[in-house]
Structure formats: structure tokens, C-alpha cells
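Next comes structure-v7.tsv, with TSV, C-alpha atoms.
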```
chain	number	residue	atom	x	y	z
A	1	MET	CA	-11.60	4.27	35.63
A	2	THR	CA	-11.72	1.12	33.51
A	3	THR	CA	-14.85	-0.87	34.28
A	4	ALA	CA	-15.09	-4.62	34.81
A	5	THR	CA	-17.15	-4.91	31.62
A	6	THR	CA	-14.27	-3.73	29.43
A	7	SER	CA	-12.58	-6.65	27.69
A	8	THR	CA	-9.36	-7.00	25.79
A	9	PHE	CA	-9.29	-7.44	22.05
A	10	ALA	CA	-8.41	-11.12	22.39
A	11	GLU	CA	-11.34	-11.69	24.76
A	12	SER	CA	-13.92	-9.84	22.70
A	13	LYS	CA	-13.09	-11.02	19.20
A	14	ALA	CA	-11.62	-14.17	17.74
A	15	LEU	CA	-8.25	-13.47	16.17
A	16	ALA	CA	-8.16	-13.53	12.39
A	17	LYS	CA	-5.90	-16.08	10.79
A	18	ARG	CA	-2.42	-14.98	9.75
A	19	ILE	CA	-1.02	-15.74	6.32
A	20	TYR	CA	2.56	-15.92	5.09
A	21	ASN	CA	3.83	-12.36	4.59
A	22	PHE	CA	6.76	-12.28	2.15
A	23	SER	CA	6.80	-8.47	2.09
A	24	ALA	CA	10.18	-6.70	1.96
A	25	GLY	CA	9.07	-4.36	4.72
A	26	PRO	CA	7.25	-3.68	6.88
A	27	ALA	CA	7.72	-7.36	7.35
A	28	TYR	CA	7.05	-10.43	9.44
A	29	LEU	CA	7.34	-10.06	13.22
A	30	PRO	CA	7.77	-12.97	15.64
A	31	GLU	CA	4.41	-14.24	16.85
A	32	GLU	CA	5.67	-14.25	20.44
A	33	VAL	CA	6.53	-10.57	20.15
A	34	ILE	CA	3.11	-9.66	18.78
A	35	ARG	CA	1.35	-11.51	21.59
A	36	GLN	CA	3.50	-9.82	24.23
A	37	ALA	CA	2.78	-6.45	22.63
A	38	GLN	CA	-0.95	-7.14	22.83
A	39	GLN	CA	-0.60	-7.37	26.58
A	40	ASP	CA	1.80	-4.46	27.00
A	41	ILE	CA	-0.27	-2.08	24.88
A	42	TRP	CA	-2.97	-2.62	27.51
A	43	SER	CA	-0.72	-2.53	30.59
A	44	ILE	CA	3.06	-2.89	30.82
A	45	PHE	CA	4.85	-4.13	33.94
A	46	ASP	CA	1.47	-4.32	35.72
A	47	SER	CA	1.41	-0.52	35.76
A	48	GLY	CA	-2.19	-0.22	34.54
A	49	ILE	CA	-0.93	1.96	31.68
A	50	GLY	CA	-0.01	0.80	28.17
A	51	VAL	CA	3.49	1.13	26.76
A	52	MET	CA	2.36	3.76	24.24
A	53	GLU	CA	0.92	5.94	27.01
A	54	HIS	CA	3.83	6.13	29.45
A	55	SER	CA	6.01	9.21	29.75
A	56	HIS	CA	9.41	8.75	28.15
A	57	ARG	CA	10.84	10.17	31.40
A	58	GLY	CA	9.05	7.65	33.62
A	59	LYS	CA	10.57	4.55	35.19
A	60	GLU	CA	8.58	2.17	32.99
A	61	PHE	CA	9.93	3.53	29.72
A	62	THR	CA	13.39	3.99	31.21
A	63	ARG	CA	13.32	0.26	31.90
A	64	VAL	CA	12.16	-0.50	28.33
A	65	LEU	CA	14.96	1.61	26.87
A	66	GLY	CA	17.62	0.21	29.19
A	67	GLU	CA	16.69	-3.38	28.46
A	68	ALA	CA	16.59	-2.74	24.71
A	69	GLU	CA	20.10	-1.31	24.72
A	70	ALA	CA	21.50	-4.05	26.96
A	71	ASP	CA	19.97	-6.82	24.84
A	72	CYS	CA	21.16	-5.17	21.62
A	73	ARG	CA	24.71	-5.05	23.00
A	74	ALA	CA	24.50	-8.69	24.03
A	75	ILE	CA	23.33	-9.82	20.58
A	76	GLY	CA	25.96	-7.88	18.64
A	77	ASN	CA	28.77	-8.15	21.21
A	78	ILE	CA	28.88	-4.35	21.18
A	79	SER	CA	31.45	-2.81	23.49
A	80	ASP	CA	31.25	0.47	25.39
A	81	ASP	CA	33.44	1.97	22.67
A	82	TYR	CA	30.19	2.28	20.71
A	83	ALA	CA	27.04	4.26	21.43
A	84	VAL	CA	23.73	2.52	20.71
A	85	LEU	CA	21.03	4.96	19.62
A	86	PHE	CA	17.35	4.58	18.79
A	87	LEU	CA	16.29	7.43	16.50
A	88	GLN	CA	13.31	8.58	14.49
A	89	GLY	CA	13.10	8.80	10.72
A	90	GLY	CA	14.14	5.32	9.69
A	91	ALA	CA	17.23	4.64	7.58
A	92	THR	CA	16.42	7.32	4.98
A	93	THR	CA	17.08	10.12	7.46
A	94	GLN	CA	20.54	8.63	7.98
A	95	PHE	CA	21.29	9.06	4.27
A	96	ALA	CA	21.53	12.80	4.96
A	97	THR	CA	22.60	12.78	8.62
A	98	ILE	CA	25.80	10.85	7.90
A	99	PRO	CA	27.32	13.26	5.36
A	100	MET	CA	25.94	16.18	7.33
A	101	ASN	CA	28.12	15.02	10.23
A	102	PHE	CA	31.16	13.46	8.59
A	103	LEU	CA	31.67	14.76	5.04
A	104	GLY	CA	33.79	17.86	5.53
A	105	GLU	CA	34.65	20.66	3.13
A	106	GLY	CA	37.07	19.47	0.49
A	107	GLN	CA	36.63	15.81	1.45
A	108	THR	CA	35.27	12.96	-0.63
A	109	ALA	CA	33.24	9.96	0.54
A	110	ASP	CA	33.24	6.62	-1.28
A	111	TYR	CA	29.87	5.07	-2.14
A	112	PRO	CA	29.65	1.76	-4.05
A	113	ASP	CA	26.25	1.86	-5.76
A	114	THR	CA	24.64	-1.58	-5.50
A	115	GLY	CA	20.99	-0.68	-5.85
A	116	VAL	CA	18.12	1.65	-5.11
A	117	TRP	CA	19.00	2.41	-1.50
A	118	THR	CA	22.64	3.26	-2.18
A	119	THR	CA	21.49	5.38	-5.12
A	120	LYS	CA	19.26	7.33	-2.75
A	121	ALA	CA	22.06	7.63	-0.19
A	122	ILE	CA	24.40	8.97	-2.87
A	123	LYS	CA	21.87	11.59	-3.92
A	124	GLU	CA	21.55	12.83	-0.34
A	125	ALA	CA	25.32	12.83	0.29
A	126	LYS	CA	25.90	15.02	-2.77
A	127	LEU	CA	23.94	17.77	-1.03
A	128	PHE	CA	26.77	18.08	1.50
A	129	GLY	CA	30.02	17.29	-0.31
A	130	ASN	CA	31.95	15.31	-2.86
A	131	VAL	CA	30.93	11.73	-3.59
A	132	ASN	CA	32.97	9.14	-5.45
A	133	ILE	CA	30.80	6.37	-6.88
A	134	ALA	CA	33.26	3.59	-6.14
A	135	PHE	CA	31.26	0.99	-8.07
A	136	GLU	CA	28.58	1.65	-10.68
A	137	GLY	CA	26.16	-1.21	-10.23
A	138	SER	CA	23.70	0.06	-12.81
A	139	ALA	CA	26.14	-1.07	-15.51
A	140	CYS	CA	25.41	-4.70	-14.57
A	141	GLN	CA	21.75	-4.18	-13.62
A	142	TYR	CA	22.80	-4.52	-9.97
A	143	ASP	CA	23.24	-8.26	-10.29
A	144	HIS	CA	26.17	-8.46	-7.86
A	145	THR	CA	28.15	-6.66	-5.19
A	146	PRO	CA	31.66	-5.53	-6.15
A	147	THR	CA	34.85	-7.49	-5.69
A	148	ALA	CA	37.88	-5.68	-4.29
A	149	GLU	CA	39.20	-5.34	-7.85
A	150	GLU	CA	36.00	-3.62	-8.98
A	151	LEU	CA	36.14	-0.91	-6.33
A	152	SER	CA	37.64	2.45	-7.25
A	153	LEU	CA	38.47	4.07	-3.92
A	154	THR	CA	39.58	7.57	-2.96
A	155	ASP	CA	42.81	8.23	-1.11
A	156	ASN	CA	42.04	9.61	2.36
A	157	ALA	CA	38.28	9.32	1.89
A	158	ALA	CA	36.13	10.72	4.67
A	159	TYR	CA	34.42	7.34	4.87
A	160	LEU	CA	33.19	4.43	2.77
A	161	HIS	CA	29.44	3.85	2.84
A	162	TYR	CA	27.93	0.57	1.66
A	163	CYS	CA	24.68	-1.38	1.96
A	164	SER	CA	25.27	-4.93	3.18
A	165	ASN	CA	22.15	-6.48	1.65
A	166	ASN	CA	20.17	-5.35	-1.39
A	167	THR	CA	16.48	-6.00	-0.75
A	168	ILE	CA	15.39	-5.30	-4.31
A	169	PHE	CA	17.85	-7.21	-6.48
A	170	GLY	CA	18.60	-9.86	-3.86
A	171	SER	CA	22.37	-9.48	-3.51
A	172	ARG	CA	24.65	-9.10	-0.52
A	173	TYR	CA	28.25	-8.60	0.52
A	174	HIS	CA	29.66	-11.78	2.01
A	175	THR	CA	32.32	-9.69	3.78
A	176	PRO	CA	32.59	-5.91	4.18
A	177	PRO	CA	34.52	-3.99	1.51
A	178	GLN	CA	38.11	-3.24	2.46
A	179	SER	CA	39.12	0.39	2.83
A	180	GLY	CA	41.46	2.49	4.91
A	181	ALA	CA	38.60	4.93	5.46
A	182	PRO	CA	36.04	4.63	8.27
A	183	LEU	CA	33.46	2.04	7.26
A	184	ILE	CA	29.75	2.92	7.40
A	185	CYS	CA	27.07	0.35	6.66
A	186	ASP	CA	23.35	0.39	5.99
A	187	MET	CA	22.29	-2.99	7.43
A	188	SER	CA	18.57	-2.35	7.32
A	189	SER	CA	17.64	-5.67	5.74
A	190	ASP	CA	20.09	-8.13	7.28
A	191	ILE	CA	21.14	-6.81	10.67
A	192	PHE	CA	21.45	-9.59	13.27
A	193	SER	CA	20.70	-12.22	10.62
A	194	ARG	CA	24.31	-13.40	10.30
A	195	ALA	CA	27.74	-12.96	11.87
A	196	LEU	CA	28.48	-9.28	12.44
A	197	ASP	CA	31.86	-7.67	13.07
A	198	VAL	CA	30.85	-4.43	14.72
A	199	ASN	CA	34.46	-3.47	15.41
A	200	ALA	CA	35.23	-3.32	11.68
A	201	HIS	CA	32.80	-0.42	11.34
A	202	ALA	CA	32.71	3.19	12.44
A	203	LEU	CA	28.92	3.34	12.11
A	204	ILE	CA	26.16	0.82	11.44
A	205	TYR	CA	22.56	1.82	10.94
A	206	ALA	CA	19.33	-0.02	10.20
A	207	GLY	CA	15.72	0.91	9.64
A	208	ALA	CA	13.64	-1.30	11.91
A	209	GLN	CA	10.89	-2.53	9.61
A	210	LYS	CA	12.63	-5.56	8.12
A	211	ASN	CA	14.42	-7.41	10.93
A	212	LEU	CA	13.88	-5.36	14.08
A	213	GLY	CA	10.34	-4.01	14.45
A	214	PRO	CA	7.88	-1.46	13.03
A	215	SER	CA	8.75	1.31	10.60
A	216	GLY	CA	9.82	4.81	11.55
A	217	THR	CA	12.65	3.93	13.94
A	218	ALA	CA	16.34	3.41	13.24
A	219	LEU	CA	19.03	1.62	15.21
A	220	ILE	CA	22.41	3.37	15.15
A	221	ILE	CA	25.62	1.73	16.39
A	222	ILE	CA	28.40	4.33	16.27
A	223	ARG	CA	31.97	4.26	17.52
A	224	ARG	CA	32.36	7.06	20.04
A	225	ASP	CA	35.68	8.40	18.78
A	226	PHE	CA	34.30	8.60	15.24
A	227	MET	CA	31.15	10.28	16.51
A	228	GLU	CA	33.26	13.02	18.08
A	229	THR	CA	34.72	13.94	14.67
A	230	GLY	CA	31.31	15.21	13.56
A	231	LYS	CA	30.95	18.80	12.45
A	232	ASP	CA	30.01	21.54	14.87
A	233	GLY	CA	27.01	23.81	14.48
A	234	LEU	CA	24.54	21.16	13.36
A	235	PRO	CA	20.82	21.26	14.17
A	236	ILE	CA	20.48	19.25	17.37
A	237	MET	CA	18.26	16.57	15.82
A	238	PHE	CA	21.01	15.75	13.29
A	239	ASP	CA	23.90	15.64	15.76
A	240	TYR	CA	24.75	12.13	16.93
A	241	ARG	CA	26.63	13.53	19.93
A	242	LYS	CA	23.50	15.23	21.21
A	243	HIS	CA	21.47	12.03	20.89
A	244	ALA	CA	24.16	9.99	22.64
A	245	ALA	CA	24.45	12.48	25.49
A	246	SER	CA	20.68	12.31	26.04
A	247	GLY	CA	20.46	8.51	25.88
A	248	SER	CA	18.22	8.58	22.77
A	249	CYS	CA	15.80	10.92	24.59
A	250	LEU	CA	16.83	14.27	23.12
A	251	ASN	CA	13.15	14.76	22.36
A	252	THR	CA	10.22	12.40	22.85
A	253	PRO	CA	11.60	9.22	21.27
A	254	PRO	CA	9.72	6.72	19.09
A	255	ALA	CA	8.67	4.89	22.24
A	256	PHE	CA	6.61	2.08	20.74
A	257	GLY	CA	9.20	1.38	18.05
A	258	ILE	CA	11.90	1.11	20.71
A	259	TYR	CA	9.69	-1.16	22.80
A	260	MET	CA	9.07	-3.44	19.82
A	261	MET	CA	12.76	-3.54	18.95
A	262	GLY	CA	13.47	-4.48	22.55
A	263	GLN	CA	11.01	-7.35	22.35
A	264	VAL	CA	12.58	-8.56	19.09
A	265	PHE	CA	15.99	-8.45	20.77
A	266	LYS	CA	14.65	-10.67	23.57
A	267	TRP	CA	13.27	-13.04	20.93
A	268	ILE	CA	16.64	-13.20	19.15
A	269	LEU	CA	18.39	-14.07	22.39
A	270	ALA	CA	15.77	-16.74	23.12
A	271	GLN	CA	16.43	-18.29	19.69
A	272	GLY	CA	20.10	-18.71	20.53
A	273	GLY	CA	21.45	-15.47	19.11
A	274	ILE	CA	22.92	-14.60	15.72
A	275	GLY	CA	24.66	-17.94	15.18
A	276	ALA	CA	21.45	-19.93	15.50
A	277	LEU	CA	19.53	-17.50	13.31
A	278	GLU	CA	22.19	-17.51	10.60
A	279	LYS	CA	22.02	-21.31	10.36
A	280	ARG	CA	18.23	-21.20	10.19
A	281	ASN	CA	18.25	-18.40	7.61
A	282	ASP	CA	20.65	-20.28	5.35
A	283	GLU	CA	18.44	-23.36	5.50
A	284	LYS	CA	15.28	-21.37	4.76
A	285	ALA	CA	16.79	-19.62	1.74
A	286	LYS	CA	18.24	-22.90	0.41
A	287	LEU	CA	14.73	-24.35	0.18
A	288	ILE	CA	13.79	-21.68	-2.35
A	289	TYR	CA	17.11	-21.39	-4.18
A	290	ASP	CA	17.18	-25.16	-4.70
A	291	VAL	CA	13.88	-24.95	-6.56
A	292	ILE	CA	15.23	-22.12	-8.72
A	293	ASP	CA	18.46	-23.98	-9.49
A	294	ASN	CA	16.69	-27.27	-10.26
A	295	SER	CA	13.91	-25.80	-12.41
A	296	GLY	CA	15.68	-26.31	-15.73
A	297	GLY	CA	15.71	-22.59	-16.38
A	298	PHE	CA	12.02	-21.97	-15.65
A	299	TYR	CA	13.06	-19.76	-12.72
A	300	ARG	CA	15.99	-17.36	-13.04
A	301	GLY	CA	17.63	-15.61	-10.14
A	302	ILE	CA	18.21	-11.87	-10.53
A	303	SER	CA	21.41	-11.84	-8.48
A	304	GLN	CA	24.55	-13.73	-9.39
A	305	THR	CA	24.86	-16.98	-7.42
A	306	ALA	CA	28.06	-15.93	-5.63
A	307	CYS	CA	26.39	-13.03	-3.83
A	308	ARG	CA	22.83	-14.21	-3.29
A	309	SER	CA	20.96	-12.70	-0.38
A	310	MET	CA	19.62	-14.97	2.34
A	311	MET	CA	16.99	-12.37	3.23
A	312	ASN	CA	15.52	-11.48	-0.18
A	313	VAL	CA	15.20	-14.10	-2.91
A	314	SER	CA	14.57	-12.21	-6.17
A	315	PHE	CA	13.76	-14.23	-9.28
A	316	ARG	CA	11.72	-14.41	-12.48
A	317	THR	CA	9.61	-16.87	-14.43
A	318	PRO	CA	9.89	-17.01	-18.25
A	319	SER	CA	7.49	-14.09	-18.79
A	320	ASP	CA	5.79	-11.10	-17.18
A	321	GLU	CA	2.46	-12.85	-17.69
A	322	LEU	CA	3.60	-15.87	-15.69
A	323	ASP	CA	5.03	-13.58	-13.00
A	324	LYS	CA	1.59	-12.00	-12.64
A	325	LYS	CA	-0.11	-15.41	-12.59
A	326	PHE	CA	2.35	-16.56	-9.94
A	327	VAL	CA	1.48	-13.63	-7.67
A	328	GLU	CA	-2.26	-14.15	-8.12
A	329	GLU	CA	-2.10	-17.86	-7.35
A	330	THR	CA	0.14	-17.49	-4.32
A	331	LEU	CA	-2.19	-14.87	-2.86
A	332	ALA	CA	-5.07	-17.29	-3.29
A	333	GLN	CA	-3.04	-19.78	-1.26
A	334	ASP	CA	-2.40	-17.40	1.63
A	335	MET	CA	1.02	-16.15	0.53
A	336	SER	CA	1.31	-12.37	0.20
A	337	GLY	CA	3.94	-9.87	-0.92
A	338	LEU	CA	5.66	-11.90	-3.63
A	339	LYS	CA	5.53	-9.31	-6.40
A	340	GLY	CA	9.00	-7.95	-7.19
A	341	HIS	CA	9.95	-4.33	-6.66
A	342	ARG	CA	9.11	-2.06	-9.59
A	343	SER	CA	12.82	-1.37	-10.12
A	344	ALA	CA	13.67	-5.04	-10.69
A	345	GLY	CA	10.40	-6.62	-11.75
A	346	GLY	CA	9.82	-10.34	-11.41
A	347	LEU	CA	9.19	-11.91	-8.03
A	348	ARG	CA	10.66	-11.59	-4.57
A	349	ALA	CA	10.40	-13.61	-1.37
A	350	SER	CA	11.61	-11.71	1.68
A	351	ILE	CA	12.34	-14.18	4.46
A	352	TYR	CA	13.81	-12.21	7.35
A	353	ASN	CA	14.75	-13.60	10.76
A	354	ALA	CA	11.19	-13.99	11.99
A	355	PHE	CA	9.83	-15.57	8.83
A	356	PRO	CA	8.96	-19.22	9.59
A	357	ARG	CA	10.62	-22.14	7.84
A	358	LYS	CA	7.17	-23.60	7.14
A	359	GLY	CA	6.41	-20.61	4.93
A	360	CYS	CA	9.54	-21.27	2.86
A	361	GLU	CA	8.57	-24.93	2.54
A	362	THR	CA	5.08	-23.93	1.39
A	363	LEU	CA	6.47	-21.53	-1.21
A	364	ALA	CA	9.01	-24.07	-2.47
A	365	GLU	CA	6.29	-26.68	-2.93
A	366	PHE	CA	4.12	-24.19	-4.79
A	367	MET	CA	7.02	-23.15	-7.04
A	368	THR	CA	7.70	-26.75	-8.00
A	369	GLU	CA	4.05	-27.34	-8.88
A	370	PHE	CA	3.76	-24.02	-10.73
A	371	ALA	CA	6.78	-24.81	-12.90
A	372	ALA	CA	5.42	-28.27	-13.70
A	373	LYS	CA	2.07	-26.83	-14.78
A	374	ASN	CA	3.39	-23.85	-16.73
A	375	GLY	CA	6.79	-24.96	-18.01
```

Structure re-expressed in C-alpha cells:
Amino acid sequence: MTTATTSTFAESKALAKRIYNFSAGPAYLPEEVIRQAQQDIWSIFDSGIGVMEHSHRGKEFTRVLGEAEADCRAIGNISDDYAVLFLQGGATTQFATIPMNFLGEGQTADYPDTGVWTTKAIKEAKLFGNVNIAFEGSACQYDHTPTAEELSLTDNAAYLHYCSNNTIFGSRYHTPPQSGAPLICDMSSDIFSRALDVNAHALIYAGAQKNLGPSGTALIIIRRDFMETGKDGLPIMFDYRKHAASGSCLNTPPAFGIYMMGQVFKWILAQGGIGALEKRNDEKAKLIYDVIDNSGGFYRGISQTACRSMMNVSFRTPSDELDKKFVEETLAQDMSGLKGHRSAGGLRASIYNAFPRKGCETLAEFMTEFAAKNG
């Protein structure tokens, strides 16, 4: 029995200050969500038991799961034609699960390669069948997403798989690629950050740790008729039909990850939904891109202007030495995670849905001063 002398973390210790976290993931979570989680880790729904301790078969977690799915459907305007699944393994597990289900013998799947994550997805898909690299982004150092004219598509492809937003090189598709094949999208880094046409896709998936919650959990939105075309004889943990039939509880699910996603969904709805967030995200990114564009060449964007990401601003200073100095000085001013990915180098500011506008203003002011001092 808990005694009266036991106190919560917030009561027993002053909370440490929080700094601006520009990390590409795991990334910034809404402050309101974190504070609610502090309470619910201790006791959820006044049950006297924390959310991480409840049985996944009990009424408390059933409520968590039900609310998460309902709120997700409300945000994305997702019809009953689609199953909404919450699965373990993050997005990387989906790299293999998708071809395992939908790339049949003698078939070919189209994969435009726009960066590290599509490269990894291609490698996994090749374990199960034929892959057509419909766009070879390495030839242009992944500085843009392909136009329709640049895509080389397969007749009667099993599906076309693409990644909507490139976290590393800072590029994105403004609209989905056009194909007669079922469209599958990795939306890990920009899901629910801008207008989303679910009905244009057969399957959408996203690792949680950028825009939805903690790492280790994936959101899957899959059209039911497409799901039923999956191969037979698969291991149950890699069969979407089995997960859908069990309501994401085929085995003990990633309960805390689902809870956190559910809280983020509530936060998104409270902000006004996708439309309000898209407007805010565009404004946040513009603060940083304006400094880059008006720096007289001191800062250079890695992605072409026409397909810049609003989630990941990747750029460089005139030298590696100045990039390093930039990172060191921003950290000293309570800004973390601005070093670019090893594949692209340079610098990167990841400013997902929950990242505050004030942090973008602070970075933009620093960038202006840094350029003036070092230009």
C-alpha cells in the first residue's frame, strides 16, 4: 500500500529547465502531453494504477486504445475503409513487413530513392522480390524529390513506395507521386503536419518518435481491401490482417507508446487540427529559411528550394569548422541537436509539430548574429 509520505516527482524535486531540442528524433513532445503523462504514469483515470502497469486486456487500457484510434481517425479524416493499427518495431520493421505481405513472386515494386530511409527500405524489399529503383537520388546527392518526368515506373507494379519527407537532406514531396499502382508512404517525419489525402494511399505508416510520441511504436493506416491481398502463410506478427482482427492487441502491445500517441492526438485536436498546424509549421520554417536566403551565401540549403521540408531544415555554413563552431555555440545557448546527420553533414534544425515558434525565433536570431560575426 502506498503510504502518505510518498510524494510525486514534481512534489519532491524541482523540475529541471527544458532547452530547445532540435533533434530529428526522438524529438520534441508537447509540454501539455508530458505533464499529463506525469500524472497518468502515477495513476490513470483515478484507478490508482499507472498507465504502464495496467493489463492490456483491462478496461483502462481498452479506453486508452479506443480513444487513440478515434482521435487519429478524426485528425486524418480516416474512414472505416481503413484499419488503424498501433504496432511495435517502429518504421524500420515496416520496411520488411510491407514486401513480405504485398510483393508477390514475379512482381516488381517501385521505390523512388530519395535518401537514407528509402535506401534502407529498398534493401529490405530486395530480400522478398524484385525492386525497381524508380528514381536514383544519389546521383543528385538527394537534393530534391523527383518530378513526374524523372520517375521510371513499372507497368503493373505491385505497389509504389515513397517517403514523403526526408529528415536528413531536408526535402519533401509537395504532392504524392502519381502511379497506377497502390501507393504506400513512409510518413514518419511529417505525418499530421500538413494536409493529408489518406484515400490516395493503400497504406501509410509512421514511426512515432518525430511527430507522434516515443520511439518503438508505429502507426499504420491501411486500406482494408488492400490488406486482404497480403500473402498467406506469414508469421502472425508480420501479418497485418492478424493485427487488424485483434485490434492491435495480437500480443501485448506497446502500451505506453500508444498512450503517448493518444495524448498527442488530443493535443493536435486542441490546436485546431492539421490545418492549424500546417499554417504554424510553414511560419516556423520560414523564420529559418528567410535567414538562409538573406545571408548573402553564408548559409546554403542542402535541398533545392522547390522541395524544402517544413519539418527538417538542413543547411551548411561556409566550412566544416564553422559548422562545428555553430553547434558548440548553440549548445551553450540552450539549443541542442543542430548537428547534421553524418550522411549529409552540415547542420539541421528539426522543427516538428510540437516544436515551439519561440525556438525558431531564437535560432533565427542566433543565425543572423553568427553570420555577421563569422562572415

Selection near Ala218 in chain A, 6 Å with all atoms listed in the file, sequence-local residues under 3 positions removed, as a short mmCIF file (atom, residue, chain, number, x, y, z; two decimals) with C-alpha atoms, keeping the file's coordinate frame:
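Output (result.cif):
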```
data_model
loop_
_atom_site.label_atom_id
_atom_site.label_comp_id
_atom_site.auth_asym_id
_atom_site.auth_seq_id
_atom_site.Cartn_x
_atom_site.Cartn_y
_atom_site.Cartn_z
CA PHE A 86 17.35 4.58 18.79
CA LEU A 87 16.29 7.43 16.50
CA GLY A 90 14.14 5.32 9.69
CA ALA A 91 17.23 4.64 7.58
CA ALA A 206 19.33 -0.02 10.20
CA GLY A 207 15.72 0.91 9.64
CA ALA A 208 13.64 -1.30 11.91
#
```

>> Just checking: using all atoms listed in the file, which residue out of A:Arg223, A:His341, A:His161, A:Arg348 ends up closest to Val313 in chain A?
In response: A:Arg348

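The neighbours of Pro356 in chain A here are the residues that come within 12 Å of it, using all atoms listed in the file and leaving out any residue fewer than 3 positions away in the same chain; they are A:Ile19, A:Tyr20, A:Asn21, A:Phe22, A:Tyr28, A:Leu29, A:Pro30, A:Glu31, A:Leu277, A:Arg280, A:Asn281, A:Glu283, A:Lys284, A:Ala285, A:Ser350, A:Ile351, A:Tyr352, A:Asn353, A:Gly359, A:Cys360, A:Glu361, A:Thr362, A:Leu363.
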
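The residue that comes closest to Gln271 in chain A, out of A:Thr97, A:Ser79, A:Ser193, A:Asn165 and on the basis of only C-alpha atoms, is A:Ser193.
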
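Interatomic distance, CA of Arg316 in chain A to CA of Ile292 in chain A: 9.3 Å.
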
>> Given the point (4.2, 6.1, 32.7) in the file's coordinates, find the residues that have an atom at most 12 Å from it, counting all atoms listed in the file, and give them as a PyMOL selection string.
In response: chain A and resi 43-64+255

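Counting all atoms listed in the file and comparing A:Asn199, A:Gln304, A:Asn211, A:Thr147, the residue that lies closest to Ser171 in chain A is A:Gln304.
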
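Here CA of Ala200 in chain A and CA of Glu67 in chain A stand 25.0 Å from one another.
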
> Residues at most 6 Å from Asp110 in chain A, counting only C-alpha atoms, excluding those fewer than 4 positions away in the same chain, as a PyMOL selection string?
Replying inline: chain A and resi 132+134+160

>> Quick one: residues within 9 Å of Ala125 in chain A, all atoms listed in the file, excluding same-chain residues fewer than 4 positions away - as a PyMOL selection string?
In response: chain A and resi 95-100+103+109+120-121+129-131

>> Considering only C-alpha atoms, can you say which of A:Ala344, A:Ala181, A:Ile258, A:Ile236 comes closest to Val116 in chain A?
In response: A:Ala344

>> I'd like the neighbourhood of Phe370 in chain A as an MDAnalysis selection string, where a residue qualifies if any of its atoms comes within 12 Å (using only C-alpha atoms), though same-chain residues fewer than 4 positions away should be ignored.
In response: chainID A and resid 291:292 295 298:299 317:318 322:323 325:330 363:366 374:375

Can you spit out the residues from that selection as a short mmCIF file (atom, residue, chain, number, x, y, z; two decimals), keeping the file's coordinate frame, using C-alpha atoms?
```cif
data_model
loop_
_atom_site.label_atom_id
_atom_site.label_comp_id
_atom_site.auth_asym_id
_atom_site.auth_seq_id
_atom_site.Cartn_x
_atom_site.Cartn_y
_atom_site.Cartn_z
CA VAL A 291 13.88 -24.95 -6.56
CA ILE A 292 15.23 -22.12 -8.72
CA SER A 295 13.91 -25.80 -12.41
CA PHE A 298 12.02 -21.97 -15.65
CA TYR A 299 13.06 -19.76 -12.72
CA THR A 317 9.61 -16.87 -14.43
CA PRO A 318 9.89 -17.01 -18.25
CA LEU A 322 3.60 -15.87 -15.69
CA ASP A 323 5.03 -13.58 -13.00
CA LYS A 325 -0.11 -15.41 -12.59
CA PHE A 326 2.35 -16.56 -9.94
CA VAL A 327 1.48 -13.63 -7.67
CA GLU A 328 -2.26 -14.15 -8.12
CA GLU A 329 -2.10 -17.86 -7.35
CA THR A 330 0.14 -17.49 -4.32
CA LEU A 363 6.47 -21.53 -1.21
CA ALA A 364 9.01 -24.07 -2.47
CA GLU A 365 6.29 -26.68 -2.93
CA PHE A 366 4.12 -24.19 -4.79
CA ASN A 374 3.39 -23.85 -16.73
CA GLY A 375 6.79 -24.96 -18.01
#
```

>> Could you tell me how far CA of Ser188 in chain A sits from CA of Gln39 in chain A, in Å to one decimal place?
In response: 27.6 Å
